[in-house]
Each structure stands twice: as structure tokens, then as C-alpha cells.
Amino acid sequence: MIVNLDVTLRDGGYRNNFDFPLDYALHHARESVAAGMEWVEIGYRNGSFKPKPGIGRTGVGADDYIRAVAEVVSPDRLCMILHPKNITEDDLPRMYDAGVRLIRFCLPSGAPEHGLALLSQAGGLGFTTTVNITRVSQLDRRRLVELAALSGDAGADVVYLADSNGSMLPREVTQLVTLVRSVTDAAIGLHAHNNLGLALANAIAAVDAGATWIDSSILGMGKGPGNLVTEQWLPYLGRRADTDAYDLGRILSLAHRMESQIAEATPSLPLPDLVLGHFDLSVEERAKLPVDRIGDAFSAARELTAAGAR
């Protein structure tokens, strides 16, 4: 069985400063779950990795927002994600009391101890937990194995591989899923970005290799060129398993409403983000590129890559 997690309200927030109107956020969460998505991620807790001025409700993830969503969606479907550096131990019980039941930790690869301690605490409170190992395309494989094993030992239910740069190829996804499965009993998940248009192919490769948790977003709305597109992924799953477990008509209606009401949701592939994916550079490197001159941006990205290799 594949567990599908809708990340639109969180990852899509990178396009609109997490400023989804409350009525839309409630509608989105309700319809996503009604269409068969096992979990809906309703935002960050206390912000993304870097502080953003005037960040909206799906970036703050306040208790009153969680309670509002929990009134229209069962807590057993509600998920939030966080960076350990942004929270205190008090945040975890407050989130649980407000209605969250799945909590995801973005684990720093250099110093994971604080995040792993919080993960253990979350498990004790009754949360289902995942560890999201970010930028796996740039992570030394020995370190990836260490982090996966440590996460499993700390009680993670799922270890997610995040292709944050959208640069991975299907064969690379297969290799990493197989590798991580060999060192932990936790389920394996994939969070795919679509810089090279390979999110769907990578999700298929991940599932074929044994991953059972997959992130996607409506219209692919997410950071940069976005994520795996829900309305492409669910029909594939339906054909693969010959099942109608997911209500594609409902998902398409949700996509239409989002496209009509959320201007930033319109699918796009900005050329600079394609360049970043090609050279396996993070979105933070975008600021170093002359993005208004795409040829020069390509050359600058090549130089950044060469400098990093030295």
C-alpha cells in the first residue's frame, strides 16, 4: 500500500509566502482527504529554515489554525513539518492537543542530535513521525546511511529521502531507496521536486524499489518548479493497481479551484530552476545567478559547480 501525503499547503507556500486564505486552506484540506489522500500537511510549525518577513498562516502553523483544520478534517489525517531549531519541547504537546497526529522533522545532516531527541519525545506523545533527510543528491552516502539508521533507532516511523534540488535520476532514486532500506526497518518515503521534469519517473522508481510513502501537491505547487503533481500521480497508482481508491474527479475540481483562486499556483518551470536542477544546486544558489540573462546564469552555475568540486 502506498501512503500519499499532500504537501500543497506547506511546500506551495514558498510561492505565495505561505499566505493561503483560511477558507481556501480549510477547503483544500477537506477535499484532499475526501479524495483519498492519507495525510494532508497543513504547514510548517514556526517557520521554514530561514525566517521570512510577514509569513502567512501555513508557515507559522499556530494552534488556532490547527484547531480550525481539525474541525473539518479528522486529526488522524493532519500532518505538520518543522525544523528542530525553530521549536521548543512545549510545541510538541501543544500541536498534539490542537489536532496534529503526524509530525515531520527536517533533520540537519551535520548536527542531528537535537532533532532526534525531539523525535523521540514526539513518539512518546503518540505522534506518527517521519524524518526528512534533505538534499540527498548532495549527501555523502555513508552519512545518509548513518542518518537513516540513527532515525530508525530514535523511533522514526518513516525515513524520507528529499530530492530538494530536483536533480536526481530514477536509477539514483532506486539506489538510495535500496540502500536506506538495508539499514532501517522504518518505511521509506520520497519527496520529489520537478526541476528536470523527473518527479513522476522518480516516484515510480522509488515505489518499485520499495518506498511506500510519497509526497505530492496539487498542480505540483511547491518551491521552484514544484513537486510531484498529484493529479498525475494518482491516475498512475490507479492504473498500476487497477483500483479506484482515489477520487480523481474531486482532485481535479480542487486543482481547478486552486488555479482560479491562488494566482501563484499556476504551473511553471522557470528557466533558472531548470539550471539549478541540471547542476544539482540548491534553491539558495539562485541568488548567485544573473537570472535575467539565462545564458550567463548557465555559465555561472557551471562555475559554481566546478568551484564546489575543487
# chains A, B, ... in the order shown; residues from 1 in each chain; ligands from 1
$ residues_around --residues "range 71-83 of chain A" --least-positions-apart "6" --cutoff "6 Å" --atoms "only C-alpha atoms" --output "list in words"
Arg30, Trp39, Val40, Glu41, Ile42, Gly43, Tyr44, Arg45, Gly99, Val100, Arg101, Leu102, Ile103, Arg104, Phe105 and Cys106 of chain A
$ residues_around --residues "Ile66 in chain A" --least-positions-apart "3" --cutoff "6 Å" --atoms "only C-alpha atoms" --output "CSV table (one decimal) with C-alpha atoms, in the first residue's frame"
chain,number,residue,atom,x,y,z
A,63,ASP,CA,-2.5,26.4,17.4
A,69,VAL,CA,-8.5,22.5,10.2
A,98,ALA,CA,-4.6,21.1,18.7
$ closest_residue --among "A:Gly197, A:Gly295, A:Gly12, A:Gly36" --to "Tyr246 in chain A" --atoms "only C-alpha atoms"
A:Gly36
$ residues_around --residues "range 280-287 of chain A" --least-positions-apart "4" --cutoff "6 Å" --atoms "only C-alpha atoms" --output "PyMOL selection string"
chain A and resi 165+167+276
$ select_by_dssp --residues "range 101-281 of chain A" --states "alpha helix (DSSP H)" --output "VMD selection string"
chain A and resid 113 to 125 141 to 153 170 to 181 199 to 208 230 to 241 248 to 261 271 to 278
$ select_by_dssp --residues "range 205-297 of chain A" --states "strand (DSSP E or B)" --output "ChimeraX atom specification"
/A:213-217,227,229
$ closest_atom_pairs --of "range 245-279 of chain A" --to "range 135-142 of chain A" --cutoff "12 Å" --atoms "only C-alpha atoms" --output "Markdown table"
| residue | atom | partner | partner_atom | distance |
| --- | --- | --- | --- | --- |
| A:Gly277 | CA | A:Ser137 | CA | 10.4 |
| A:His278 | CA | A:Ser137 | CA | 11.8 |
| A:Phe279 | CA | A:Ser137 | CA | 10.8 |
$ write_last_selection --atoms "C-alpha atoms" --output "mmCIF file, in the first residue's frame"
data_model
loop_
_atom_site.group_PDB
_atom_site.id
_atom_site.type_symbol
_atom_site.label_atom_id
_atom_site.label_comp_id
_atom_site.auth_asym_id
_atom_site.auth_seq_id
_atom_site.Cartn_x
_atom_site.Cartn_y
_atom_site.Cartn_z
ATOM 1 C CA GLY A 277 18.427 21.102 -11.272
ATOM 2 C CA HIS A 278 20.857 20.401 -14.077
ATOM 3 C CA PHE A 279 23.852 21.319 -11.921
#
$ residues_around --residues "Asp208 in chain A" --least-positions-apart "3" --cutoff "10 Å" --atoms "only C-alpha atoms" --output "ChimeraX atom specification"
/A:174,177-178,202-205,211-212
$ closest_residue --among "A:Gln261, A:Asn194, A:Ser48, A:Thr58" --to "Gly222 in chain A" --atoms "only C-alpha atoms"
A:Asn194
$ closest_residue --among "A:Asn16, A:Asn4, A:Thr130, A:Ser299" --to "Thr266 in chain A" --atoms "only C-alpha atoms"
A:Asn16
$ closest_residue --among "A:Leu248, A:Leu200, A:Leu116, A:Ala148" --to "Ile188 in chain A" --atoms "only C-alpha atoms"
A:Ala148
$ closest_residue --among "A:Ser260, A:Asn195, A:Thr305, A:Ser268" --to "Arg15 in chain A" --atoms "only C-alpha atoms"
A:Ser268
$ residues_around --residues "Trp213 in chain A" --least-positions-apart "2" --cutoff "9 Å" --atoms "only C-alpha atoms" --output "NGL selection string"
:A and (1-5 or 158 or 160 or 187-191 or 207 or 211 or 215)
$ atom_distance --atom1 "CA of Thr230 in chain A" --atom2 "CA of Asp6 in chain A"
7.8 Å
$ residues_around --residues "Met258 in chain A" --least-positions-apart "5" --cutoff "9 Å" --atoms "only C-alpha atoms" --output "PyMOL selection string"
chain A and resi 24+28+218-219+253+263+265-266
$ residues_around --residues "Ile294 in chain A" --least-positions-apart "4" --cutoff "9 Å" --atoms "only C-alpha atoms" --output "VMD selection string"
chain A and resid 271 to 272 275 289 to 290 298 to 299
$ closest_residue --among "A:Asn17, A:Thr134, A:Thr88, A:Ser217" --to "Gly110 in chain A" --atoms "only C-alpha atoms"
A:Thr134
$ decode --residues "range 106-121 of chain A" --atoms "all heavy atoms" --output "PDB file, in the first residue's frame"
ATOM      1  N   CYS A 106      12.629  17.919   9.668  1.00  0.00           N
ATOM      2  CA  CYS A 106      13.703  18.161   8.711  1.00  0.00           C
ATOM      3  C   CYS A 106      15.012  18.039   9.482  1.00  0.00           C
ATOM      4  O   CYS A 106      15.346  18.912  10.293  1.00  0.00           O
ATOM      5  CB  CYS A 106      13.576  19.547   8.083  1.00  0.00           C
ATOM      6  SG  CYS A 106      12.101  19.760   7.085  1.00  0.00           S
ATOM      7  N   LEU A 107      15.732  16.966   9.260  1.00  0.00           N
ATOM      8  CA  LEU A 107      16.879  16.641  10.098  1.00  0.00           C
ATOM      9  C   LEU A 107      18.157  17.252   9.543  1.00  0.00           C
ATOM     10  O   LEU A 107      18.541  16.959   8.409  1.00  0.00           O
ATOM     11  CB  LEU A 107      17.036  15.124  10.186  1.00  0.00           C
ATOM     12  CG  LEU A 107      17.942  14.585  11.293  1.00  0.00           C
ATOM     13  CD1 LEU A 107      17.330  14.882  12.653  1.00  0.00           C
ATOM     14  CD2 LEU A 107      18.156  13.083  11.116  1.00  0.00           C
ATOM     15  N   PRO A 108      18.826  18.114  10.307  1.00  0.00           N
ATOM     16  CA  PRO A 108      20.110  18.659   9.839  1.00  0.00           C
ATOM     17  C   PRO A 108      21.135  17.531   9.753  1.00  0.00           C
ATOM     18  O   PRO A 108      21.338  16.793  10.723  1.00  0.00           O
ATOM     19  CB  PRO A 108      20.494  19.676  10.917  1.00  0.00           C
ATOM     20  CG  PRO A 108      19.293  19.845  11.785  1.00  0.00           C
ATOM     21  CD  PRO A 108      18.475  18.615  11.641  1.00  0.00           C
ATOM     22  N   SER A 109      21.795  17.396   8.628  1.00  0.00           N
ATOM     23  CA  SER A 109      22.729  16.287   8.451  1.00  0.00           C
ATOM     24  C   SER A 109      23.992  16.461   9.294  1.00  0.00           C
ATOM     25  O   SER A 109      24.615  15.480   9.701  1.00  0.00           O
ATOM     26  CB  SER A 109      23.119  16.139   6.977  1.00  0.00           C
ATOM     27  OG  SER A 109      23.735  17.325   6.497  1.00  0.00           O
ATOM     28  N   GLY A 110      24.362  17.717   9.601  1.00  0.00           N
ATOM     29  CA  GLY A 110      25.594  17.950  10.339  1.00  0.00           C
ATOM     30  C   GLY A 110      25.483  17.750  11.828  1.00  0.00           C
ATOM     31  O   GLY A 110      26.422  17.275  12.476  1.00  0.00           O
ATOM     32  N   ALA A 111      24.324  18.117  12.395  1.00  0.00           N
ATOM     33  CA  ALA A 111      24.138  18.034  13.843  1.00  0.00           C
ATOM     34  C   ALA A 111      22.708  17.578  14.130  1.00  0.00           C
ATOM     35  O   ALA A 111      21.840  18.382  14.484  1.00  0.00           O
ATOM     36  CB  ALA A 111      24.421  19.379  14.501  1.00  0.00           C
ATOM     37  N   PRO A 112      22.441  16.278  13.999  1.00  0.00           N
ATOM     38  CA  PRO A 112      21.053  15.794  14.103  1.00  0.00           C
ATOM     39  C   PRO A 112      20.577  15.526  15.523  1.00  0.00           C
ATOM     40  O   PRO A 112      19.404  15.187  15.725  1.00  0.00           O
ATOM     41  CB  PRO A 112      21.127  14.479  13.324  1.00  0.00           C
ATOM     42  CG  PRO A 112      22.508  13.970  13.581  1.00  0.00           C
ATOM     43  CD  PRO A 112      23.376  15.214  13.611  1.00  0.00           C
ATOM     44  N   GLU A 113      21.431  15.673  16.533  1.00  0.00           N
ATOM     45  CA  GLU A 113      21.112  15.191  17.873  1.00  0.00           C
ATOM     46  C   GLU A 113      19.843  15.834  18.458  1.00  0.00           C
ATOM     47  O   GLU A 113      18.984  15.143  19.014  1.00  0.00           O
ATOM     48  CB  GLU A 113      22.304  15.424  18.817  1.00  0.00           C
ATOM     49  CG  GLU A 113      23.531  14.594  18.490  1.00  0.00           C
ATOM     50  CD  GLU A 113      24.340  15.156  17.322  1.00  0.00           C
ATOM     51  OE1 GLU A 113      24.075  16.331  16.921  1.00  0.00           O
ATOM     52  OE2 GLU A 113      25.221  14.433  16.813  1.00  0.00           O
ATOM     53  N   HIS A 114      19.730  17.162  18.329  1.00  0.00           N
ATOM     54  CA  HIS A 114      18.550  17.841  18.887  1.00  0.00           C
ATOM     55  C   HIS A 114      17.281  17.357  18.202  1.00  0.00           C
ATOM     56  O   HIS A 114      16.265  17.075  18.864  1.00  0.00           O
ATOM     57  CB  HIS A 114      18.701  19.353  18.732  1.00  0.00           C
ATOM     58  CG  HIS A 114      17.530  20.145  19.217  1.00  0.00           C
ATOM     59  ND1 HIS A 114      17.015  20.027  20.490  1.00  0.00           N
ATOM     60  CD2 HIS A 114      16.749  21.075  18.577  1.00  0.00           C
ATOM     61  CE1 HIS A 114      15.986  20.842  20.630  1.00  0.00           C
ATOM     62  NE2 HIS A 114      15.797  21.483  19.488  1.00  0.00           N
ATOM     63  N   GLY A 115      17.329  17.235  16.886  1.00  0.00           N
ATOM     64  CA  GLY A 115      16.160  16.763  16.149  1.00  0.00           C
ATOM     65  C   GLY A 115      15.777  15.343  16.532  1.00  0.00           C
ATOM     66  O   GLY A 115      14.585  15.022  16.669  1.00  0.00           O
ATOM     67  N   LEU A 116      16.756  14.476  16.730  1.00  0.00           N
ATOM     68  CA  LEU A 116      16.467  13.096  17.107  1.00  0.00           C
ATOM     69  C   LEU A 116      15.876  13.015  18.515  1.00  0.00           C
ATOM     70  O   LEU A 116      14.996  12.189  18.781  1.00  0.00           O
ATOM     71  CB  LEU A 116      17.735  12.249  17.009  1.00  0.00           C
ATOM     72  CG  LEU A 116      18.278  12.055  15.586  1.00  0.00           C
ATOM     73  CD1 LEU A 116      19.638  11.377  15.615  1.00  0.00           C
ATOM     74  CD2 LEU A 116      17.293  11.264  14.723  1.00  0.00           C
ATOM     75  N   ALA A 117      16.336  13.881  19.411  1.00  0.00           N
ATOM     76  CA  ALA A 117      15.771  13.912  20.761  1.00  0.00           C
ATOM     77  C   ALA A 117      14.304  14.347  20.719  1.00  0.00           C
ATOM     78  O   ALA A 117      13.439  13.774  21.402  1.00  0.00           O
ATOM     79  CB  ALA A 117      16.584  14.848  21.650  1.00  0.00           C
ATOM     80  N   LEU A 118      14.002  15.362  19.899  1.00  0.00           N
ATOM     81  CA  LEU A 118      12.621  15.806  19.748  1.00  0.00           C
ATOM     82  C   LEU A 118      11.769  14.722  19.095  1.00  0.00           C
ATOM     83  O   LEU A 118      10.596  14.542  19.445  1.00  0.00           O
ATOM     84  CB  LEU A 118      12.567  17.084  18.916  1.00  0.00           C
ATOM     85  CG  LEU A 118      13.111  18.347  19.586  1.00  0.00           C
ATOM     86  CD1 LEU A 118      13.201  19.487  18.571  1.00  0.00           C
ATOM     87  CD2 LEU A 118      12.230  18.761  20.759  1.00  0.00           C
ATOM     88  N   LEU A 119      12.362  13.999  18.153  1.00  0.00           N
ATOM     89  CA  LEU A 119      11.662  12.898  17.500  1.00  0.00           C
ATOM     90  C   LEU A 119      11.235  11.844  18.520  1.00  0.00           C
ATOM     91  O   LEU A 119      10.096  11.363  18.514  1.00  0.00           O
ATOM     92  CB  LEU A 119      12.570  12.275  16.440  1.00  0.00           C
ATOM     93  CG  LEU A 119      12.097  10.971  15.799  1.00  0.00           C
ATOM     94  CD1 LEU A 119      10.921  11.228  14.886  1.00  0.00           C
ATOM     95  CD2 LEU A 119      13.226  10.313  15.012  1.00  0.00           C
ATOM     96  N   SER A 120      12.148  11.488  19.408  1.00  0.00           N
ATOM     97  CA  SER A 120      11.822  10.506  20.446  1.00  0.00           C
ATOM     98  C   SER A 120      10.706  11.014  21.348  1.00  0.00           C
ATOM     99  O   SER A 120       9.795  10.270  21.727  1.00  0.00           O
ATOM    100  CB  SER A 120      13.059  10.186  21.274  1.00  0.00           C
ATOM    101  OG  SER A 120      14.048   9.542  20.491  1.00  0.00           O
ATOM    102  N   GLN A 121      10.759  12.310  21.688  1.00  0.00           N
ATOM    103  CA  GLN A 121       9.705  12.890  22.507  1.00  0.00           C
ATOM    104  C   GLN A 121       8.361  12.821  21.782  1.00  0.00           C
ATOM    105  O   GLN A 121       7.329  12.486  22.376  1.00  0.00           O
ATOM    106  CB  GLN A 121      10.017  14.344  22.856  1.00  0.00           C
ATOM    107  CG  GLN A 121       8.960  14.978  23.756  1.00  0.00           C
ATOM    108  CD  GLN A 121       9.046  16.501  23.812  1.00  0.00           C
ATOM    109  OE1 GLN A 121       9.907  17.103  23.181  1.00  0.00           O
ATOM    110  NE2 GLN A 121       8.158  17.120  24.559  1.00  0.00           N
TER     111      GLN A 121
END
